[in-house]
>>> print(open('final_2.cif').read())   # mmCIF, C-alpha atoms and all ligand atoms
data_entry
loop_
_atom_site.label_atom_id
_atom_site.label_comp_id
_atom_site.auth_asym_id
_atom_site.auth_seq_id
_atom_site.Cartn_x
_atom_site.Cartn_y
_atom_site.Cartn_z
CA MET M 24 -16.26 9.21 7.10
CA ILE M 25 -15.58 10.40 3.55
CA GLU M 26 -13.55 13.59 3.06
CA ILE M 27 -13.52 15.79 -0.04
CA LEU M 28 -10.39 17.93 -0.18
CA ASN M 29 -10.29 21.55 -1.32
CA ALA M 30 -7.59 22.93 -3.63
CA GLU M 31 -5.24 23.88 -0.83
CA GLN M 32 -5.59 20.48 0.84
CA LEU M 33 -4.95 18.82 -2.52
CA ASP M 34 -1.69 20.74 -2.85
CA ARG M 35 -0.67 19.39 0.53
CA ALA M 36 -1.72 15.89 -0.52
CA ARG M 37 0.65 16.22 -3.51
CA GLU M 38 3.50 17.05 -1.14
CA THR M 39 2.74 14.09 1.11
CA GLY M 40 2.37 11.78 -1.86
CA ALA M 41 5.70 12.83 -3.35
CA LEU M 42 7.37 12.26 0.02
CA VAL M 43 5.93 8.75 0.32
CA GLY M 44 6.92 7.95 -3.27
CA SER M 45 10.46 9.20 -2.83
CA ILE M 46 11.02 7.42 0.50
CA LEU M 47 9.83 4.16 -1.07
CA GLN M 48 12.20 4.61 -4.03
CA THR M 49 15.10 5.34 -1.68
CA LEU M 50 14.28 2.24 0.36
CA ARG M 51 14.04 0.17 -2.80
CA GLY M 52 17.55 1.23 -3.75
CA ARG M 53 18.84 0.31 -0.30
CA ALA M 54 17.01 -3.03 0.01
CA VAL M 55 19.89 -5.16 -1.20
CA VAL M 56 21.18 -8.57 -0.14
CA GLY M 57 22.54 -8.35 3.41
CA VAL M 58 20.34 -5.48 4.59
CA ASN M 59 18.27 -6.08 7.72
CA LEU M 60 14.53 -5.22 7.79
CA LEU M 61 15.24 -3.24 10.96
CA ASP M 62 17.70 -1.08 8.99
CA LEU M 63 14.94 -0.30 6.48
CA ASP M 64 12.65 0.64 9.37
CA ARG M 65 15.29 2.91 10.96
CA TRP M 66 16.04 4.65 7.66
CA THR M 67 12.33 5.18 7.13
CA ARG M 68 12.01 6.82 10.53
CA GLU M 69 14.96 9.10 9.74
CA MET M 70 13.51 10.14 6.37
CA ILE M 71 10.06 10.81 7.86
CA GLU M 72 11.53 12.92 10.66
CA ARG M 73 13.88 14.84 8.35
CA ALA M 74 10.87 15.80 6.21
CA GLY M 75 8.92 17.03 9.25
CA ALA M 76 6.28 14.37 8.60
CA GLU M 77 4.59 11.90 10.94
CA SER M 78 4.24 8.14 10.66
CA CYS M 79 0.69 6.83 10.25
CA TYR M 80 1.89 3.46 11.54
CA VAL M 81 3.91 3.81 14.71
CA ASP M 82 0.98 4.46 17.07
CA TYR M 83 -1.63 2.76 14.91
CA ALA M 84 -3.67 0.20 16.89
CA PRO M 85 -6.62 -1.05 14.79
CA SER M 86 -8.73 -4.12 15.52
CA PHE M 87 -6.75 -6.18 12.98
CA GLY M 88 -3.42 -5.83 14.80
CA ARG M 89 -2.08 -6.45 18.29
CA GLY M 90 -1.40 -3.15 20.03
CA PRO M 91 0.39 -0.23 18.36
CA PHE M 92 2.36 -1.25 15.25
CA GLY M 93 5.49 0.36 16.68
CA HIS M 94 7.33 0.62 13.34
CA TYR M 95 7.55 3.04 10.41
CA VAL M 96 7.26 0.87 7.31
CA CYS M 97 5.66 -2.49 6.56
CA THR M 98 8.21 -5.02 5.32
CA ALA M 99 6.59 -8.20 3.97
CA VAL M 100 8.96 -10.92 2.70
CA ASN M 101 7.90 -13.82 0.46
CA ASP M 102 4.81 -15.42 2.07
CA ALA M 103 4.12 -12.26 4.12
CA VAL M 104 1.81 -9.90 2.23
CA LEU M 105 0.12 -7.27 4.42
CA HIS M 106 1.06 -5.40 7.60
CA GLY M 107 4.53 -6.97 7.58
CA MET M 108 6.12 -6.03 10.87
CA PRO M 109 9.87 -5.39 10.53
CA TYR M 110 12.00 -7.84 12.52
CA ASP M 111 15.59 -9.01 12.72
CA TYR M 112 15.86 -10.58 9.27
CA VAL M 113 18.62 -10.14 6.68
CA LEU M 114 17.48 -9.93 3.06
CA ALA M 115 18.67 -12.75 0.80
CA ASP M 116 19.04 -13.03 -2.97
CA GLY M 117 15.65 -13.69 -4.53
CA ASP M 118 13.51 -12.49 -1.63
CA LEU M 119 10.22 -10.96 -2.76
CA LEU M 120 9.87 -7.82 -0.65
CA THR M 121 6.86 -5.54 -0.23
CA LEU M 122 7.36 -2.12 1.35
CA ASP M 123 4.19 -0.29 2.43
CA LEU M 124 4.43 3.27 3.78
CA ALA M 125 1.95 5.88 4.97
CA VAL M 126 2.79 9.26 6.46
CA THR M 127 1.02 12.51 7.28
CA LEU M 128 2.48 15.88 6.30
CA HIS M 129 0.72 19.20 7.02
CA GLY M 130 -2.39 17.29 8.04
CA VAL M 131 -2.81 15.14 4.93
CA ALA M 132 -1.90 11.44 4.68
CA ALA M 133 -0.68 9.39 1.72
CA ASP M 134 -0.19 5.63 1.46
CA ALA M 135 1.68 3.51 -1.11
CA ALA M 136 3.30 0.11 -1.50
CA ILE M 137 5.77 -1.51 -3.89
CA SER M 138 6.82 -5.13 -4.38
CA PHE M 139 10.11 -6.17 -5.96
CA VAL M 140 12.68 -8.95 -5.87
CA VAL M 141 15.92 -8.41 -3.97
CA GLY M 142 19.20 -9.25 -5.69
CA SER M 143 19.95 -10.32 -9.23
CA ASN M 144 18.12 -13.62 -9.71
CA PRO M 145 14.39 -12.88 -9.68
CA ALA M 146 12.07 -15.83 -10.27
CA ALA M 147 9.91 -15.35 -13.38
CA ASP M 148 6.79 -16.30 -11.41
CA ASP M 149 7.52 -13.58 -8.85
CA LEU M 150 7.96 -10.92 -11.51
CA ALA M 151 4.73 -12.00 -13.22
CA MET M 152 2.79 -11.82 -9.94
CA ILE M 153 4.16 -8.38 -9.12
CA ALA M 154 3.35 -7.20 -12.66
CA ALA M 155 -0.23 -8.46 -12.30
CA THR M 156 -0.76 -6.28 -9.20
CA GLU M 157 0.78 -3.32 -11.05
CA ARG M 158 -1.52 -3.82 -14.04
CA ALA M 159 -4.51 -4.19 -11.72
CA LEU M 160 -3.58 -0.92 -10.02
CA ALA M 161 -3.24 0.80 -13.40
CA ALA M 162 -6.67 -0.52 -14.42
CA GLY M 163 -8.23 0.76 -11.20
CA ILE M 164 -6.67 4.19 -11.72
CA ALA M 165 -7.83 4.26 -15.35
CA ALA M 166 -11.41 3.65 -14.17
CA ALA M 167 -11.26 6.48 -11.62
CA ARG M 168 -13.01 9.71 -12.64
CA PRO M 169 -15.89 11.84 -11.39
CA ASP M 170 -19.20 9.98 -11.50
CA ALA M 171 -17.54 6.57 -11.76
CA ARG M 172 -18.53 4.31 -8.88
CA ILE M 173 -16.33 2.41 -6.46
CA GLY M 174 -17.61 -0.81 -8.01
CA ASP M 175 -16.14 0.25 -11.36
CA LEU M 176 -12.68 0.43 -9.78
CA SER M 177 -13.15 -2.85 -7.90
CA HIS M 178 -14.30 -4.55 -11.08
CA ALA M 179 -11.35 -3.19 -13.07
CA ILE M 180 -8.85 -4.33 -10.42
CA GLY M 181 -10.42 -7.74 -9.90
CA SER M 182 -10.73 -8.47 -13.62
CA VAL M 183 -6.98 -8.06 -14.10
CA LEU M 184 -6.10 -10.20 -11.08
CA ALA M 185 -8.54 -12.95 -12.08
CA ALA M 186 -7.41 -12.95 -15.72
CA ALA M 187 -3.84 -13.39 -14.48
CA GLY M 188 -5.03 -16.49 -12.59
CA TYR M 189 -4.76 -15.34 -8.98
CA PRO M 190 -7.33 -16.04 -6.25
CA ILE M 191 -8.69 -12.81 -4.74
CA ASN M 192 -9.11 -12.27 -1.01
CA LEU M 193 -11.64 -9.55 -0.14
CA GLU M 194 -10.81 -9.15 3.57
CA PHE M 195 -8.48 -6.18 2.92
CA GLY M 196 -8.50 -3.68 0.09
CA GLY M 197 -8.20 -0.03 -0.78
CA HIS M 198 -9.71 2.86 1.11
CA GLY M 199 -10.45 6.52 1.25
CA ILE M 200 -7.67 8.60 2.78
CA GLY M 201 -7.33 12.23 3.82
CA SER M 202 -6.64 13.69 7.25
CA THR M 203 -6.26 10.08 8.42
CA MET M 204 -4.94 6.97 6.66
CA HIS M 205 -8.00 4.71 6.66
CA GLN M 206 -11.33 6.25 5.72
CA ASP M 207 -14.43 5.31 3.78
CA PRO M 208 -15.14 4.33 1.10
CA HIS M 209 -13.70 0.81 1.12
CA VAL M 210 -12.38 -0.27 -2.31
CA ALA M 211 -12.59 -4.04 -2.59
CA ASN M 212 -10.16 -5.72 -4.97
CA ASP M 213 -13.07 -7.22 -6.91
CA GLY M 214 -16.69 -6.27 -7.34
CA ARG M 215 -19.51 -5.29 -9.60
CA ALA M 216 -19.31 -2.33 -11.92
CA GLY M 217 -21.96 0.36 -11.48
CA ARG M 218 -22.34 -0.18 -7.72
CA GLY M 219 -21.28 1.82 -4.73
CA TYR M 220 -20.24 5.34 -3.84
CA ARG M 221 -20.07 7.81 -6.73
CA LEU M 222 -16.64 9.44 -7.04
CA ARG M 223 -16.20 13.21 -7.03
CA PRO M 224 -13.31 15.65 -7.48
CA GLY M 225 -11.27 16.08 -4.32
CA LEU M 226 -11.72 12.52 -3.09
CA LEU M 227 -8.46 10.72 -2.27
CA LEU M 228 -8.33 6.95 -2.62
CA ALA M 229 -5.59 4.44 -1.82
CA LEU M 230 -5.94 1.59 -4.31
CA GLU M 231 -4.03 -1.55 -3.35
CA PRO M 232 -4.32 -4.77 -5.30
CA TRP M 233 -2.53 -7.67 -3.60
CA VAL M 234 -2.44 -11.40 -4.27
CA MET M 235 -1.08 -14.70 -3.03
CA ALA M 236 0.15 -17.10 -5.69
CA ASP M 237 -2.07 -20.10 -4.92
CA THR M 238 -4.50 -19.31 -2.11
CA ASP M 239 -6.94 -16.70 -0.85
CA VAL M 240 -6.46 -17.69 2.81
CA LEU M 241 -4.47 -15.48 5.19
CA VAL M 242 -2.90 -16.48 8.48
CA THR M 243 -1.67 -14.11 11.18
CA ASP M 244 1.95 -14.39 12.27
CA ALA M 245 2.87 -14.89 15.93
CA ASP M 246 3.84 -11.17 15.97
CA GLY M 247 0.11 -10.37 15.95
CA TRP M 248 0.38 -8.19 12.82
CA THR M 249 2.03 -9.78 9.82
CA LEU M 250 -0.43 -11.49 7.46
CA ARG M 251 0.96 -14.45 5.50
CA SER M 252 -0.36 -16.86 2.91
CA ALA M 253 -1.82 -19.97 4.53
CA THR M 254 0.06 -22.20 2.09
CA GLY M 255 3.42 -20.45 2.43
CA CYS M 256 3.25 -19.33 -1.19
CA ARG M 257 4.72 -16.02 -2.29
CA THR M 258 2.70 -12.81 -2.51
CA ALA M 259 2.69 -9.31 -4.04
CA HIS M 260 1.08 -5.93 -3.27
CA THR M 261 1.13 -2.60 -5.13
CA GLU M 262 -0.51 0.60 -3.94
CA HIS M 263 -0.85 4.26 -4.88
CA THR M 264 -2.82 7.13 -3.41
CA ILE M 265 -4.75 8.96 -6.13
CA ALA M 266 -6.84 12.13 -6.21
CA ILE M 267 -10.03 12.30 -8.24
CA THR M 268 -9.71 15.36 -10.49
CA ASP M 269 -12.24 17.17 -12.69
CA ASP M 270 -11.67 14.76 -15.57
CA GLY M 271 -9.91 11.68 -14.20
CA ALA M 272 -7.41 10.85 -11.50
CA GLU M 273 -3.95 12.01 -10.52
CA ILE M 274 -1.40 9.65 -8.95
CA LEU M 275 0.01 11.36 -5.87
CA THR M 276 2.56 8.82 -4.62
CA LEU M 277 5.10 8.94 -7.44
CA ALA M 278 8.65 9.98 -6.53
CA ARG M 279 9.36 13.45 -7.89
N1 LIG S 1 -0.69 1.03 4.70
C1 LIG S 1 -1.46 -0.15 4.92
C2 LIG S 1 -2.58 -0.06 3.93
O1 LIG S 1 -2.25 -0.10 2.80
C3 LIG S 1 -1.87 -0.30 6.35
C4 LIG S 1 -0.74 -0.67 7.22
S1 LIG S 1 -1.25 -0.65 8.84
C5 LIG S 1 0.11 -1.00 9.77
O2 LIG S 1 -3.72 0.17 4.18
F1 LIG S 1 -0.14 -0.61 10.93
F2 LIG S 1 0.38 -2.26 9.66
F3 LIG S 1 1.17 -0.41 9.32
CO CO S 2 -3.55 1.44 2.13
#
>>> encode(input="final_2.cif", output="structure tokens")
Amino acid sequence: MIEILNAEQLDRARETGALVGSILQTLRGRAVVGVNLLDLDRWTREMIERAGAESCYVDYAPSFGRGPFGHYVCTAVNDAVLHGMPYDYVLADGDLLTLDLAVTLHGVAADAAISFVVGSNPAADDLAMIAATERALAAGIAAARPDARIGDLSHAIGSVLAAAGYPINLEFGGHGIGSTMHQDPHVANDGRAGRGYRLRPGLLLALEPWVMADTDVLVTDADGWTLRSATGCRTAHTEHTIAITDDGAEILTLAR
């Protein structure tokens, strides 16, 4: 299903997006050496509830996970990249952490992710990999406007990731979003320009470039959810929800 939002729904999407962006920034500030992933999950739950919002994750039970996720934020450390299930782990200096959050507020969902290095000694390779996903996201957003096609966004994202030297896995990518978190159209992280669904004002998309440093092969953790690099290499993931506007795209998941 593809949803096109009206003006009132778009206003609500802006509220949800700002909430997701601000929770992620708060979590980023709190994700210091010595903090447990389960603390981050608990704080996320508290912030979602205080805002009167609902988690898109806690009851989520798609085919690619085992049972309901049961948590409020995805926490992916180092070789973990997608769907990182929080567990009893204390953050250490130099950990590469991805936080991925989706909530629904007043019937509209928003989804975003950030990657960053915990502590004060980030590895240059980690920062470069994170920056590549951020540039790829920016390129995808820059390509998003009415009458552009999904393939234009995929091509823009994939070109940046490939130029930076990262293998690209196409099993998971971006997606339409609206009254629910995962909708059509799918937005692959590489593809051919000029192909696919034609964008129109009122469409919401979650764009989410992610990479693994030296492989395109994922393995599933024993928890049944967390996806890790098959080689144990480090990984990065950056995501925003955007709205297609009359003349371009608006990023919804920035902290206000
Ligand atoms: N928010 C993720 C995405 O970017 C999906 C996470 S599903 C979960 O599409 F259940 F693992 F949380
Ligand atoms: Co997403």
>>> closest_residue(input="final_2.cif", among="M:Gly130, M:Pro224, M:Gly90, M:Pro208", to="ligand CO 2 (chain S)", atoms="only C-alpha atoms and all ligand atoms")
M:Pro208
>>> residues_around(input="final_2.cif", residues="Glu262 (chain M)", least_positions_apart="2", cutoff="7 Å", atoms="only C-alpha atoms", output="list of chain:residue names")
M:Ala135, M:Ala136, M:Ile137, M:Leu160, M:Ala229, M:Leu230, M:Glu231, M:Pro232, M:His260, M:Thr264
>>> axis_aligned_box(input="final_2.cif", around="ligand LIG 1 (chain S)", padding_each_side="8 Å", output="JSON")
{"center_x": -1.3, "center_y": -0.6, "center_z": 6.9, "size_x": 20.9, "size_y": 19.3, "size_z": 24.1}
>>> residues_near_point(input="final_2.cif", point="(15.0, -0.8, 8.7)", cutoff="9 Å", atoms="all atoms listed in the file", output="number ranges by chain")
M: 50, 58-68, 95-96, 98, 109-110
>>> atom_distance(input="final_2.cif", atom1="CA of Ile46 (chain M)", atom2="CA of His106 (chain M)")
17.7 Å
>>> atom_distance(input="final_2.cif", atom1="CA of Ala187 (chain M)", atom2="CA of Cys256 (chain M)")
16.2 Å
>>> residues_near_ligand(input="final_2.cif", ligand="ligand LIG 1 (chain S)", cutoff="6 Å", atoms="all atoms listed in the file", output="PyMOL selection string")
chain M and resi 80+83+92+97+106+123-125+134
>>> residues_near_point(input="final_2.cif", point="(-8.6, 7.4, -2.5)", cutoff="8 Å", atoms="only C-alpha atoms", output="list of chain:residue names")
M:Gly197, M:His198, M:Gly199, M:Ile200, M:Leu226, M:Leu227, M:Leu228, M:Ala229, M:Leu230, M:Thr264, M:Ile265, M:Ala266, M:Ile267
>>> closest_atom_pairs(input="final_2.cif", of="region 102-163 of chain M", to="region 233-249 of chain M", cutoff="7 Å", atoms="all atoms listed in the file", output="tab-separated table")
residue	atom	partner	partner_atom	distance
M:Ala103	CA	M:Thr249	CA	6.6
M:Leu105	CA	M:Thr249	CA	6.3
M:His106	CA	M:Thr249	CA	5.0
M:Gly107	CA	M:Thr249	CA	4.4
M:Met108	CA	M:Thr249	CA	5.6
M:Thr156	CA	M:Trp233	CA	6.0
>>> atom_distance(input="final_2.cif", atom1="CA of Asp207 (chain M)", atom2="CA of Ser45 (chain M)")
26.0 Å
>>> closest_residue(input="final_2.cif", among="M:Thr258, M:Ser143, M:Gln206, M:Asn29", to="ligand CO 2 (chain S)", atoms="only C-alpha atoms and all ligand atoms")
M:Gln206
